[in-house]
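Just start_39.cif here, mmCIF, C-alpha atoms and all ligand atoms:
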```cif
data_run
loop_
_atom_site.label_atom_id
_atom_site.label_comp_id
_atom_site.auth_asym_id
_atom_site.auth_seq_id
_atom_site.Cartn_x
_atom_site.Cartn_y
_atom_site.Cartn_z
CA MET A 1 0.00 0.00 0.00
CA SER A 2 2.90 2.30 0.62
CA ASN A 3 3.23 5.27 -1.67
CA ILE A 4 6.77 6.04 -0.50
CA THR A 5 9.37 6.23 -3.25
CA HIS A 6 12.39 6.92 -1.02
CA LEU A 7 13.75 8.90 1.89
CA GLU A 8 15.79 11.99 1.11
CA CYS A 9 18.19 14.14 3.13
CA SER A 10 16.62 17.56 3.68
CA LEU A 11 20.03 19.24 3.37
CA CYS A 12 22.12 17.36 0.75
CA ALA A 13 19.34 15.41 -1.06
CA THR A 14 21.09 12.02 -0.70
CA ARG A 15 18.54 9.23 -1.24
CA PHE A 16 17.87 6.39 1.20
CA GLU A 17 15.91 3.14 0.92
CA PRO A 18 12.41 3.21 2.38
CA HIS A 19 11.16 0.59 4.87
CA ARG A 20 14.48 0.39 6.73
CA VAL A 21 15.55 1.80 10.07
CA HIS A 22 17.20 5.23 9.66
CA ASN A 23 18.23 8.15 11.81
CA LEU A 24 20.18 11.11 10.34
CA CYS A 25 22.06 11.49 7.04
CA SER A 26 25.85 11.39 7.43
CA CYS A 27 25.85 15.16 6.72
CA GLY A 28 23.69 15.68 9.83
CA GLY A 29 20.52 16.42 7.85
CA THR A 30 17.04 15.15 8.75
CA LEU A 31 15.58 12.59 6.37
CA PHE A 32 12.29 13.45 4.69
CA VAL A 33 9.87 10.86 3.40
CA ARG A 34 9.11 11.28 -0.32
CA TYR A 35 5.91 9.96 -1.89
CA ASP A 36 4.86 9.22 -5.43
CA LEU A 37 2.65 12.30 -5.55
CA PRO A 38 1.97 12.22 -9.31
CA GLU A 39 0.58 8.69 -8.83
CA ILE A 40 -1.33 9.53 -5.63
CA ARG A 41 -2.87 12.47 -7.43
CA THR A 42 -4.59 10.13 -9.86
CA ILE A 43 -6.24 8.00 -7.15
CA TRP A 44 -6.96 10.34 -4.21
CA THR A 45 -9.31 13.32 -4.16
CA ARG A 46 -10.33 16.07 -1.78
CA ASP A 47 -13.84 14.63 -1.82
CA GLN A 48 -12.56 11.31 -0.49
CA VAL A 49 -10.86 13.13 2.37
CA ARG A 50 -14.10 14.84 3.34
CA SER A 51 -15.67 11.55 4.41
CA ALA A 52 -12.50 9.88 5.77
CA ARG A 53 -11.92 8.98 9.43
CA PRO A 54 -12.00 11.99 11.77
CA ASP A 55 -8.35 11.93 12.84
CA LEU A 56 -5.06 12.63 11.12
CA TRP A 57 -5.02 9.16 9.52
CA ARG A 58 -7.59 10.57 7.09
CA TYR A 59 -4.49 11.55 5.07
CA LEU A 60 -3.17 7.97 4.93
CA PRO A 61 -2.02 8.08 1.27
CA VAL A 62 0.63 10.63 2.31
CA LEU A 63 1.56 8.94 5.59
CA PRO A 64 4.36 6.40 5.96
CA PRO A 65 3.14 2.94 7.07
CA GLN A 66 3.03 0.13 4.51
CA ARG A 67 0.34 -1.79 6.36
CA PRO A 68 -2.76 -0.23 7.97
CA GLU A 69 -2.48 -2.83 10.79
CA SER A 70 0.68 -1.04 11.91
CA ILE A 71 -1.23 2.09 12.87
CA VAL A 72 -1.03 3.00 16.56
CA SER A 73 -3.75 5.58 17.09
CA LEU A 74 -5.35 7.24 20.10
CA GLY A 75 -7.63 9.55 18.10
CA GLU A 76 -5.10 12.31 17.35
CA GLY A 77 -5.51 15.24 14.96
CA MET A 78 -8.49 16.85 13.24
CA THR A 79 -8.46 19.39 16.04
CA PRO A 80 -10.89 22.29 15.81
CA LEU A 81 -10.07 25.53 14.05
CA ILE A 82 -11.86 28.01 16.28
CA ARG A 83 -12.89 31.50 15.18
CA ALA A 84 -11.73 34.05 17.80
CA PRO A 85 -13.66 37.27 17.22
CA ARG A 86 -13.46 38.64 20.77
CA LEU A 87 -9.71 38.18 20.95
CA GLY A 88 -9.49 39.53 17.40
CA ALA A 89 -11.25 42.73 18.41
CA ALA A 90 -8.84 43.11 21.33
CA ILE A 91 -5.69 42.79 19.21
CA GLY A 92 -6.86 44.36 15.94
CA SER A 93 -7.76 41.42 13.72
CA GLU A 94 -11.04 40.76 11.93
CA GLN A 95 -9.97 37.31 10.78
CA LEU A 96 -8.46 35.41 13.66
CA TRP A 97 -8.55 31.68 14.36
CA VAL A 98 -7.03 29.39 16.95
CA LYS A 99 -6.08 25.86 15.93
CA ASP A 100 -6.53 24.11 19.26
CA GLU A 101 -3.98 21.33 19.55
CA GLY A 102 -4.61 21.03 23.28
CA LEU A 103 -7.42 18.60 22.40
CA ASN A 104 -5.02 15.91 21.21
CA PRO A 105 -4.24 12.74 23.20
CA THR A 106 -1.82 13.67 26.03
CA ALA A 107 -3.06 17.25 25.53
CA SER A 108 -0.47 18.51 23.06
CA PHE A 109 0.29 18.34 19.35
CA LYS A 110 3.24 16.05 20.12
CA ALA A 111 0.69 13.25 19.72
CA ARG A 112 0.75 13.88 15.97
CA GLY A 113 4.44 13.17 15.66
CA MET A 114 4.32 10.17 17.96
CA THR A 115 1.41 8.40 16.31
CA THR A 116 3.42 8.20 13.07
CA ALA A 117 6.85 7.64 14.68
CA ILE A 118 5.64 4.81 16.94
CA THR A 119 3.58 3.32 14.11
CA MET A 120 6.75 3.13 12.04
CA ALA A 121 8.80 1.84 14.97
CA LYS A 122 6.24 -0.97 15.31
CA GLU A 123 6.23 -1.68 11.58
CA LEU A 124 10.03 -1.79 11.46
CA GLY A 125 10.20 -4.15 14.43
CA ILE A 126 11.78 -1.72 16.92
CA ARG A 127 11.24 -2.92 20.52
CA LYS A 128 12.81 -0.12 22.59
CA ILE A 129 12.85 3.61 22.03
CA ALA A 130 14.60 6.44 23.85
CA ILE A 131 13.76 10.11 23.74
CA PRO A 132 15.10 13.35 25.21
CA SER A 133 12.23 15.76 25.78
CA ALA A 134 11.37 19.16 27.22
CA GLY A 135 8.12 17.55 28.40
CA ASN A 136 5.23 16.96 26.02
CA ALA A 137 7.10 14.80 23.52
CA ALA A 138 7.88 12.49 26.40
CA SER A 139 4.24 12.22 27.43
CA ALA A 140 3.18 11.44 23.88
CA ALA A 141 6.02 8.96 23.35
CA ALA A 142 5.09 7.19 26.58
CA ALA A 143 1.43 6.97 25.58
CA TYR A 144 1.95 5.63 22.06
CA ALA A 145 4.73 3.29 23.17
CA ALA A 146 2.35 1.89 25.81
CA ALA A 147 -0.35 1.36 23.20
CA ALA A 148 2.14 -0.39 20.90
CA GLY A 149 3.76 -2.49 23.61
CA ILE A 150 7.14 -0.84 23.00
CA GLU A 151 9.55 -0.01 25.82
CA ALA A 152 10.06 3.76 26.31
CA HIS A 153 13.12 5.35 27.95
CA ILE A 154 12.67 9.01 28.63
CA PHE A 155 15.19 11.69 29.58
CA MET A 156 13.85 15.06 30.66
CA PRO A 157 15.08 18.12 32.53
CA LYS A 158 14.33 17.77 36.24
CA ASP A 159 12.33 21.03 36.22
CA VAL A 160 9.96 19.78 33.50
CA PRO A 161 6.25 20.53 34.22
CA GLN A 162 5.10 18.08 36.88
CA SER A 163 2.23 16.90 34.68
CA ASN A 164 4.70 15.50 32.14
CA TYR A 165 6.63 13.58 34.75
CA ILE A 166 3.53 12.07 36.32
CA GLU A 167 2.05 11.20 32.93
CA CYS A 168 5.19 9.42 31.76
CA LYS A 169 5.52 7.41 34.95
CA THR A 170 1.85 6.46 34.91
CA LEU A 171 2.06 5.47 31.25
CA GLY A 172 4.74 2.98 32.19
CA ALA A 173 7.86 4.63 30.75
CA THR A 174 11.29 4.49 32.38
CA VAL A 175 12.01 8.12 33.26
CA THR A 176 15.39 9.71 34.01
CA LEU A 177 15.31 13.28 35.33
CA VAL A 178 18.38 15.20 34.20
CA ASP A 179 20.01 18.16 35.90
CA GLY A 180 20.26 20.16 32.65
CA LEU A 181 18.48 21.09 29.43
CA ILE A 182 17.03 19.03 26.60
CA SER A 183 20.43 19.25 24.90
CA ASP A 184 21.97 17.43 27.90
CA CYS A 185 19.20 14.84 27.74
CA ALA A 186 19.93 14.32 24.05
CA ARG A 187 23.59 13.70 24.79
CA MET A 188 22.69 11.04 27.36
CA VAL A 189 20.48 9.22 24.87
CA ALA A 190 23.21 9.38 22.23
CA GLU A 191 25.80 8.00 24.64
CA ARG A 192 23.74 5.05 25.81
CA LYS A 193 21.54 4.04 22.88
CA ASP A 194 23.92 1.59 21.15
CA GLN A 195 24.74 -0.30 24.31
CA GLU A 196 21.10 -0.43 25.40
CA GLY A 197 19.63 -1.23 21.97
CA TRP A 198 17.40 1.86 21.98
CA PHE A 199 16.12 3.52 18.82
CA ASP A 200 16.71 7.29 19.10
CA MET A 201 13.39 9.15 18.70
CA SER A 202 14.91 12.63 19.20
CA THR A 203 13.28 15.53 17.39
CA LEU A 204 14.22 15.40 13.68
CA LYS A 205 16.67 12.52 14.23
CA GLU A 206 14.22 10.01 12.80
CA PRO A 207 12.12 10.58 9.65
CA TYR A 208 8.56 10.04 10.87
CA ARG A 209 7.65 12.58 13.55
CA VAL A 210 7.66 15.26 10.83
CA GLU A 211 5.15 13.16 8.87
CA GLY A 212 2.64 13.27 11.71
CA LYS A 213 3.18 16.91 12.45
CA LYS A 214 2.78 17.91 8.82
CA THR A 215 -0.89 16.98 9.10
CA MET A 216 -1.40 20.32 10.87
CA GLY A 217 -0.76 21.79 7.42
CA TYR A 218 -3.16 19.40 5.67
CA GLU A 219 -5.83 20.15 8.25
CA VAL A 220 -5.58 23.92 8.13
CA ALA A 221 -5.83 23.73 4.34
CA GLU A 222 -8.85 21.44 4.52
CA GLN A 223 -10.54 23.46 7.25
CA PHE A 224 -10.16 26.64 5.18
CA ASP A 225 -11.60 24.79 2.17
CA TRP A 226 -8.18 24.51 0.48
CA GLU A 227 -7.41 28.22 0.67
CA LEU A 228 -4.46 28.79 3.03
CA PRO A 229 -4.57 31.67 5.54
CA ASP A 230 -2.36 34.76 5.22
CA ALA A 231 -0.30 34.17 8.36
CA ILE A 232 0.46 31.25 10.66
CA PHE A 233 1.84 31.86 14.15
CA TYR A 234 3.79 28.90 15.40
CA PRO A 235 5.51 28.59 18.80
CA THR A 236 8.89 27.30 17.71
CA GLY A 237 11.07 25.04 19.82
CA GLY A 238 12.58 22.34 17.62
CA GLY A 239 10.50 23.74 14.77
CA VAL A 240 9.14 20.36 13.67
CA GLY A 241 5.60 21.63 13.30
CA MET A 242 6.69 24.45 11.06
CA ILE A 243 8.95 22.21 8.98
CA GLY A 244 6.13 19.70 8.71
CA MET A 245 3.51 22.24 7.67
CA TRP A 246 5.80 23.66 5.01
CA LYS A 247 6.36 20.14 3.64
CA ALA A 248 2.59 19.60 3.67
CA PHE A 249 1.97 22.75 1.63
CA ASP A 250 4.51 21.61 -0.93
CA GLU A 251 2.86 18.17 -1.16
CA LEU A 252 -0.61 19.74 -1.39
CA GLU A 253 0.50 21.88 -4.29
CA GLN A 254 1.94 18.83 -6.07
CA LEU A 255 -1.38 17.09 -5.52
CA GLY A 256 -3.07 20.05 -7.17
CA TRP A 257 -5.17 20.74 -4.07
CA ILE A 258 -3.78 24.23 -3.36
CA GLY A 259 -2.00 26.88 -5.41
CA ALA A 260 1.44 28.44 -5.04
CA ARG A 261 0.48 31.06 -2.46
CA ARG A 262 1.83 30.45 1.06
CA PRO A 263 1.06 31.97 4.45
CA LYS A 264 3.63 34.16 6.13
CA MET A 265 5.17 31.78 8.67
CA ILE A 266 5.85 33.44 12.02
CA ALA A 267 8.18 31.74 14.51
CA VAL A 268 7.30 32.71 18.07
CA GLN A 269 9.94 32.16 20.75
CA ALA A 270 10.40 33.04 24.41
CA ALA A 271 12.65 35.93 25.40
CA GLY A 272 14.63 33.50 27.56
CA CYS A 273 15.46 31.16 24.64
CA GLN A 274 15.45 32.76 21.20
CA PRO A 275 18.09 31.19 18.95
CA ILE A 276 15.89 31.35 15.84
CA VAL A 277 14.83 34.95 16.35
CA ARG A 278 18.44 36.00 16.85
CA ALA A 279 19.60 34.18 13.71
CA PHE A 280 16.68 35.52 11.68
CA GLU A 281 17.43 39.09 12.71
CA GLN A 282 21.12 38.67 11.96
CA GLY A 283 20.44 37.16 8.54
CA ALA A 284 22.35 34.04 9.58
CA ALA A 285 21.89 30.67 7.86
CA ARG A 286 21.89 28.73 11.15
CA SER A 287 21.35 29.43 14.83
CA GLU A 288 23.82 29.53 17.67
CA PHE A 289 23.41 27.70 20.97
CA TRP A 290 21.38 29.93 23.34
CA GLN A 291 23.15 30.02 26.70
CA ASN A 292 21.20 29.65 29.96
CA ALA A 293 17.91 28.98 28.21
CA SER A 294 15.01 29.64 30.55
CA THR A 295 11.23 30.04 30.07
CA ILE A 296 7.98 28.74 31.52
CA ALA A 297 7.05 27.71 27.96
CA ALA A 298 8.87 24.40 28.34
CA GLY A 299 8.36 23.38 24.70
CA LEU A 300 10.28 26.46 23.56
CA ARG A 301 13.31 25.72 25.70
CA VAL A 302 15.40 24.33 22.85
CA PRO A 303 18.75 26.14 22.82
CA LYS A 304 19.90 24.89 19.39
CA PRO A 305 17.26 23.38 17.12
CA LEU A 306 18.63 20.62 14.88
CA GLY A 307 16.43 21.88 12.04
CA ASP A 308 17.52 25.52 12.32
CA VAL A 309 18.58 25.81 8.67
CA LEU A 310 15.22 24.50 7.49
CA ILE A 311 13.28 26.78 9.86
CA LEU A 312 15.18 29.90 8.83
CA ASN A 313 14.68 29.09 5.15
CA ILE A 314 10.93 28.75 5.69
CA LEU A 315 10.69 32.09 7.50
CA ARG A 316 12.53 33.80 4.65
CA GLU A 317 10.81 32.02 1.77
CA SER A 318 7.41 32.78 3.22
CA ALA A 319 8.24 36.45 3.86
CA GLY A 320 7.45 35.68 7.48
CA SER A 321 9.03 36.81 10.70
CA ALA A 322 10.39 35.73 14.07
CA ILE A 323 9.46 37.34 17.33
CA THR A 324 10.05 36.89 21.07
CA ILE A 325 7.71 37.27 24.02
CA SER A 326 8.63 37.53 27.70
CA ASP A 327 7.27 34.99 30.20
CA GLU A 328 5.27 37.73 31.89
CA ASP A 329 3.58 38.70 28.62
CA ILE A 330 3.00 35.02 27.81
CA LEU A 331 0.98 34.51 30.99
CA ASP A 332 -0.96 37.73 30.47
CA ALA A 333 -1.75 36.62 26.92
CA GLY A 334 -2.81 33.22 28.22
CA ARG A 335 -5.29 34.86 30.55
CA GLU A 336 -6.56 37.09 27.75
CA LEU A 337 -7.11 34.18 25.36
CA ALA A 338 -8.80 32.13 28.06
CA SER A 339 -11.09 34.88 29.32
CA LEU A 340 -12.09 36.14 25.85
CA GLU A 341 -12.43 32.88 23.97
CA GLY A 342 -12.72 30.07 26.51
CA ILE A 343 -9.47 28.43 25.42
CA PHE A 344 -7.05 27.64 28.24
CA ALA A 345 -3.81 27.50 26.27
CA ALA A 346 -0.34 26.23 27.00
CA PRO A 347 2.13 29.11 27.48
CA GLU A 348 3.62 28.24 24.08
CA GLY A 349 0.24 28.84 22.43
CA ALA A 350 -0.40 31.94 24.52
CA ALA A 351 2.86 33.40 23.22
CA CYS A 352 1.28 33.48 19.75
CA VAL A 353 -1.44 35.84 21.00
CA ALA A 354 1.14 38.36 22.20
CA ALA A 355 3.11 37.92 18.97
CA ALA A 356 0.04 38.59 16.82
CA ARG A 357 -0.72 41.73 18.77
CA LYS A 358 2.83 43.00 18.20
CA LEU A 359 2.86 42.26 14.47
CA ILE A 360 -0.53 43.90 13.98
CA ALA A 361 0.58 46.97 15.96
CA SER A 362 3.71 47.25 13.81
CA GLN A 363 1.53 46.87 10.67
CA PHE A 364 3.44 43.82 9.52
CA LEU A 365 -0.04 42.28 9.38
CA LYS A 366 -3.33 43.97 8.56
CA LEU A 367 -6.83 43.99 10.03
CA ALA A 368 -8.25 41.84 7.22
CA ASP A 369 -5.43 39.27 7.04
CA ARG A 370 -6.54 35.76 7.90
CA MET A 371 -4.39 34.66 10.82
CA VAL A 372 -4.13 31.31 12.57
CA LEU A 373 -2.55 30.94 16.00
CA TYR A 374 -1.41 27.43 16.86
CA ASN A 375 -2.18 26.59 20.44
CA THR A 376 0.11 23.61 20.68
CA GLY A 377 -1.04 22.31 24.06
CA SER A 378 -3.49 22.56 26.93
CA GLY A 379 -2.99 25.01 29.77
CA LEU A 380 -3.96 22.20 32.12
CA LYS A 381 -0.48 20.75 31.67
CA TYR A 382 1.07 23.95 33.04
CA LEU A 383 -0.87 24.56 36.23
CA ASP A 384 2.37 25.23 38.09
CA ALA A 385 3.28 28.09 35.72
CA TYR A 386 -0.18 29.66 35.80
CA ALA A 387 -0.47 29.18 39.57
CA ALA A 388 2.78 31.02 40.18
CA ARG A 389 1.27 33.99 38.38
CA PHE A 390 -1.74 34.14 40.67
CA ASN A 391 0.29 33.67 43.83
CA ALA A 392 2.52 36.55 42.78
CA ARG A 393 -0.41 38.96 42.57
C1 LIG A 401 7.20 20.78 21.69
C2 LIG A 401 6.28 21.93 21.86
C3 LIG A 401 6.42 23.10 21.08
C4 LIG A 401 7.52 23.26 20.07
O1 LIG A 401 7.31 22.40 19.01
P1 LIG A 401 8.27 22.25 17.76
O2 LIG A 401 7.43 21.77 16.66
O3 LIG A 401 9.32 21.28 18.14
O4 LIG A 401 8.84 23.60 17.51
C5 LIG A 401 5.48 24.09 21.23
N1 LIG A 401 4.46 23.98 22.12
C6 LIG A 401 4.31 22.89 22.89
C7 LIG A 401 3.17 22.85 23.86
C8 LIG A 401 5.20 21.84 22.77
O5 LIG A 401 5.02 20.74 23.52
ZN ZN A 402 22.66 14.83 3.92
#
```

In structure tokens, how does this file's structure come out?
Ligand SMILES: *Cc1c(COP(=O)(O)O)cnc(C)c1O
Ligand SMILES: [Zn+2]
Amino acid sequence: MSNITHLECSLCATRFEPHRVHNLCSCGGTLFVRYDLPEIRTIWTRDQVRSARPDLWRYLPVLPPQRPESIVSLGEGMTPLIRAPRLGAAIGSEQLWVKDEGLNPTASFKARGMTTAITMAKELGIRKIAIPSAGNAASAAAAYAAAAGIEAHIFMPKDVPQSNYIECKTLGATVTLVDGLISDCARMVAERKDQEGWFDMSTLKEPYRVEGKKTMGYEVAEQFDWELPDAIFYPTGGGVGMIGMWKAFDELEQLGWIGARRPKMIAVQAAGCQPIVRAFEQGAARSEFWQNASTIAAGLRVPKPLGDVLILNILRESAGSAITISDEDILDAGRELASLEGIFAAPEGAACVAAARKLIASQFLKLADRMVLYNTGSGLKYLDAYAARFNAR
């Protein structure tokens, strides 16, 4: 059933065999899955999608498993695209939507990447996975690994949100709390994986998490009736969601389902960890390691994204931007979004509200532009961060 032609390095374009276990290209590039889109185009229509199953597996012809029995699903994706007129009025937008990813299994969009990555791990016969995580990727990995009967070894910073730690333990993963950042966790996985027989599921170090996350791009296109919005605000840590959406738009154009127009892609980062914003402003091709990274938006605490070159290219190609928000403004924005629209967002998602306000005020975006804010997780996973705000008042 598989429509995959090959895997391809996203940096040097070297080709790799499909249906084998792979991590990175020898040049350090992430591998992308390539499909036979001209063939798929002849057998798959937008009408068929309309009546397909109500989760991200509705896009199966452009997803990686060879056998449908491999699919490990907890009902992820097809999250609502919610019109936000009251928030729009407050920040100066007539056309504002929130894509609410907090409704995914394990309450973040990390479920999208893990449903495909664990599905492929199962299909390829992998028995043990290891993952360094700032929090939500660990929860999702633990959940899908549990559902697949795969052993999960998780390394996360010891100050990760408590919800993530408790989730992972309850879901049966082996958890190591690390006195350091996600980059330190990644090093520990790299050091031990060969000896332990773990498959490394680090962000962008295996080819399939991007495939799940790209469905955010398919969905926004479908939900806007195949007419992309003018701007997409994306809270950028490792940048996988942005890289995935950009890949999705390219595939959709090759399928003939959308045209050549693209949204302005806006990377939103925290003031306490802003490697992409810094590199974007300096016109640099790649980012530099952000020292002493610190923010309540745990998913944005990625000091040196592996996919930095890809992210920066997307921002530039899309005539987008990159912007930082302080933790204080993030929590204020979270309260604003919640009280005006009824959406209790993760701090990462709340940061997009503050970013939209800034880019409208600076006239980078206009009143009538159609804007989508990605709320990547539920605020319920960050009660400690929100509680600290109330106690301080
Ligand atoms: C992981 C995470 C992010 C960052 O995601 P990337 O696609 O890796 O940039 C943003 N928000 C939340 C809630 C996350 O868990
Ligand atoms: Zn390469």

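Considering the residues A:Met156, A:Leu11, A:Cys168, A:Ile118 and counting only C-alpha atoms and all ligand atoms, ligand ZN 402 (chain A) has its shortest atom-to-atom contact with A:Leu11.
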
**Item:** Atom-to-atom span, atom CA of Ala152 of chain A and atom CA of Thr106 of chain A, Å
**Value:**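 A separation of 15.5 Å between them.
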
Select the residues contacting ligand LIG 401 (chain A) at a distance of at most 6 Å, based on only C-alpha atoms and all ligand atoms, then format the selection as a PDB file with C-alpha atoms, in the coordinates of the input.
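Once written, pocket-v3.pdb looks like this:
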```
ATOM      1  CA  SER A 108      -0.470  18.510  23.060  1.00  0.00           C
ATOM      2  CA  ASN A 136       5.230  16.960  26.020  1.00  0.00           C
ATOM      3  CA  PRO A 235       5.510  28.590  18.800  1.00  0.00           C
ATOM      4  CA  THR A 236       8.890  27.300  17.710  1.00  0.00           C
ATOM      5  CA  GLY A 237      11.070  25.040  19.820  1.00  0.00           C
ATOM      6  CA  GLY A 238      12.580  22.340  17.620  1.00  0.00           C
ATOM      7  CA  GLY A 239      10.500  23.740  14.770  1.00  0.00           C
ATOM      8  CA  VAL A 240       9.140  20.360  13.670  1.00  0.00           C
ATOM      9  CA  GLY A 241       5.600  21.630  13.300  1.00  0.00           C
ATOM     10  CA  GLY A 299       8.360  23.380  24.700  1.00  0.00           C
ATOM     11  CA  LEU A 300      10.280  26.460  23.560  1.00  0.00           C
ATOM     12  CA  ALA A 346      -0.340  26.230  27.000  1.00  0.00           C
ATOM     13  CA  GLU A 348       3.620  28.240  24.080  1.00  0.00           C
ATOM     14  CA  THR A 376       0.110  23.610  20.680  1.00  0.00           C
ATOM     15  CA  GLY A 377      -1.040  22.310  24.060  1.00  0.00           C
TER      16      GLY A 377
END
```

Quick one: contact table of chain A to ligand ZN 402 (chain A), 12 Å max, nearest atom pair and distance in Å to one decimal per residue, counting only C-alpha atoms and all ligand atoms, chain and number order, as a Markdown table?
```
| residue | atom | partner | partner_atom | distance |
| --- | --- | --- | --- | --- |
| A:Leu7 | CA | A:ZN402 | ZN | 10.9 |
| A:Glu8 | CA | A:ZN402 | ZN | 7.9 |
| A:Cys9 | CA | A:ZN402 | ZN | 4.6 |
| A:Ser10 | CA | A:ZN402 | ZN | 6.6 |
| A:Leu11 | CA | A:ZN402 | ZN | 5.2 |
| A:Cys12 | CA | A:ZN402 | ZN | 4.1 |
| A:Ala13 | CA | A:ZN402 | ZN | 6.0 |
| A:Thr14 | CA | A:ZN402 | ZN | 5.6 |
| A:Arg15 | CA | A:ZN402 | ZN | 8.7 |
| A:Phe16 | CA | A:ZN402 | ZN | 10.1 |
| A:Asn23 | CA | A:ZN402 | ZN | 11.2 |
| A:Leu24 | CA | A:ZN402 | ZN | 7.8 |
| A:Cys25 | CA | A:ZN402 | ZN | 4.6 |
| A:Ser26 | CA | A:ZN402 | ZN | 5.9 |
| A:Cys27 | CA | A:ZN402 | ZN | 4.3 |
| A:Gly28 | CA | A:ZN402 | ZN | 6.1 |
| A:Gly29 | CA | A:ZN402 | ZN | 4.7 |
| A:Thr30 | CA | A:ZN402 | ZN | 7.4 |
| A:Leu31 | CA | A:ZN402 | ZN | 7.8 |
| A:Phe32 | CA | A:ZN402 | ZN | 10.5 |
```

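Proximity to Gly283 of chain A at 9 Å, evaluated using all atoms listed in the file and with sequence-adjacent residues fewer than 4 positions away removed, yields Arg278, Ala279 and Leu312 of chain A.
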
**Message:** I need the residue nearest Ile360 of chain A from this list: A:Ala231, A:Ile330, A:Ile182, A:Met188. Use all atoms listed in the file for the distance.
**Reply:**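 Answer, going by the shortest atom-to-atom distance: A:Ala231.
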
**Item:** Proximity to Arg34 of chain A - best of A:Ala297, A:Ile343, A:Leu63, A:Ile4, only C-alpha atoms
**Value:**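 The shortest atom-to-atom distance to Arg34 of chain A comes from A:Ile4.
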
**Message:** For Leu340 of chain A, find every residue with an atom within 12 Å (counting all atoms listed in the file), except residues of its own chain fewer than 5 positions away, and show them as a list in words.
**Reply:**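 With the cut-off at 12 Å, the set is Arg83, Ala84, Pro85, Arg86, Leu87, Gly88, Ala89, Ala90, Ile91, Ala333, Gly334, Arg335, Ala345 and Val353 of chain A.
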
**Request:** Starting from the point (-2.8, 16.1, 9.7), work out which residues of protein, DNA or RNA have an atom no more than 9 Å away when counting only C-alpha atoms; state them as a VMD selection string.
**Result:** chain A and resid 55 to 59 76 to 78 112 211 to 220 248

**Asked** Pick the closest to Lys381 of chain A from A:Met245, A:Ile296, A:Val49, A:Ile131: which is it, counting only C-alpha atoms?
**Response**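 Distance minimum relative to Lys381 of chain A lands on A:Ile296.
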
**Item:** Nearest candidate to Leu204 of chain A (options A:Ala142, A:Leu60, A:Ile276, A:Ile243; using only C-alpha atoms)
**Value:** A:Ile243

**Request:** Write out as a VMD selection string which residues come within 12 Å of Glu328 of chain A when counting all atoms listed in the file, dropping same-chain ones fewer than 5 positions away.
**Result:** chain A and resid 270 to 272 295 to 297 333 to 335 347 350 to 351 354 385 to 386 388 to 390 392
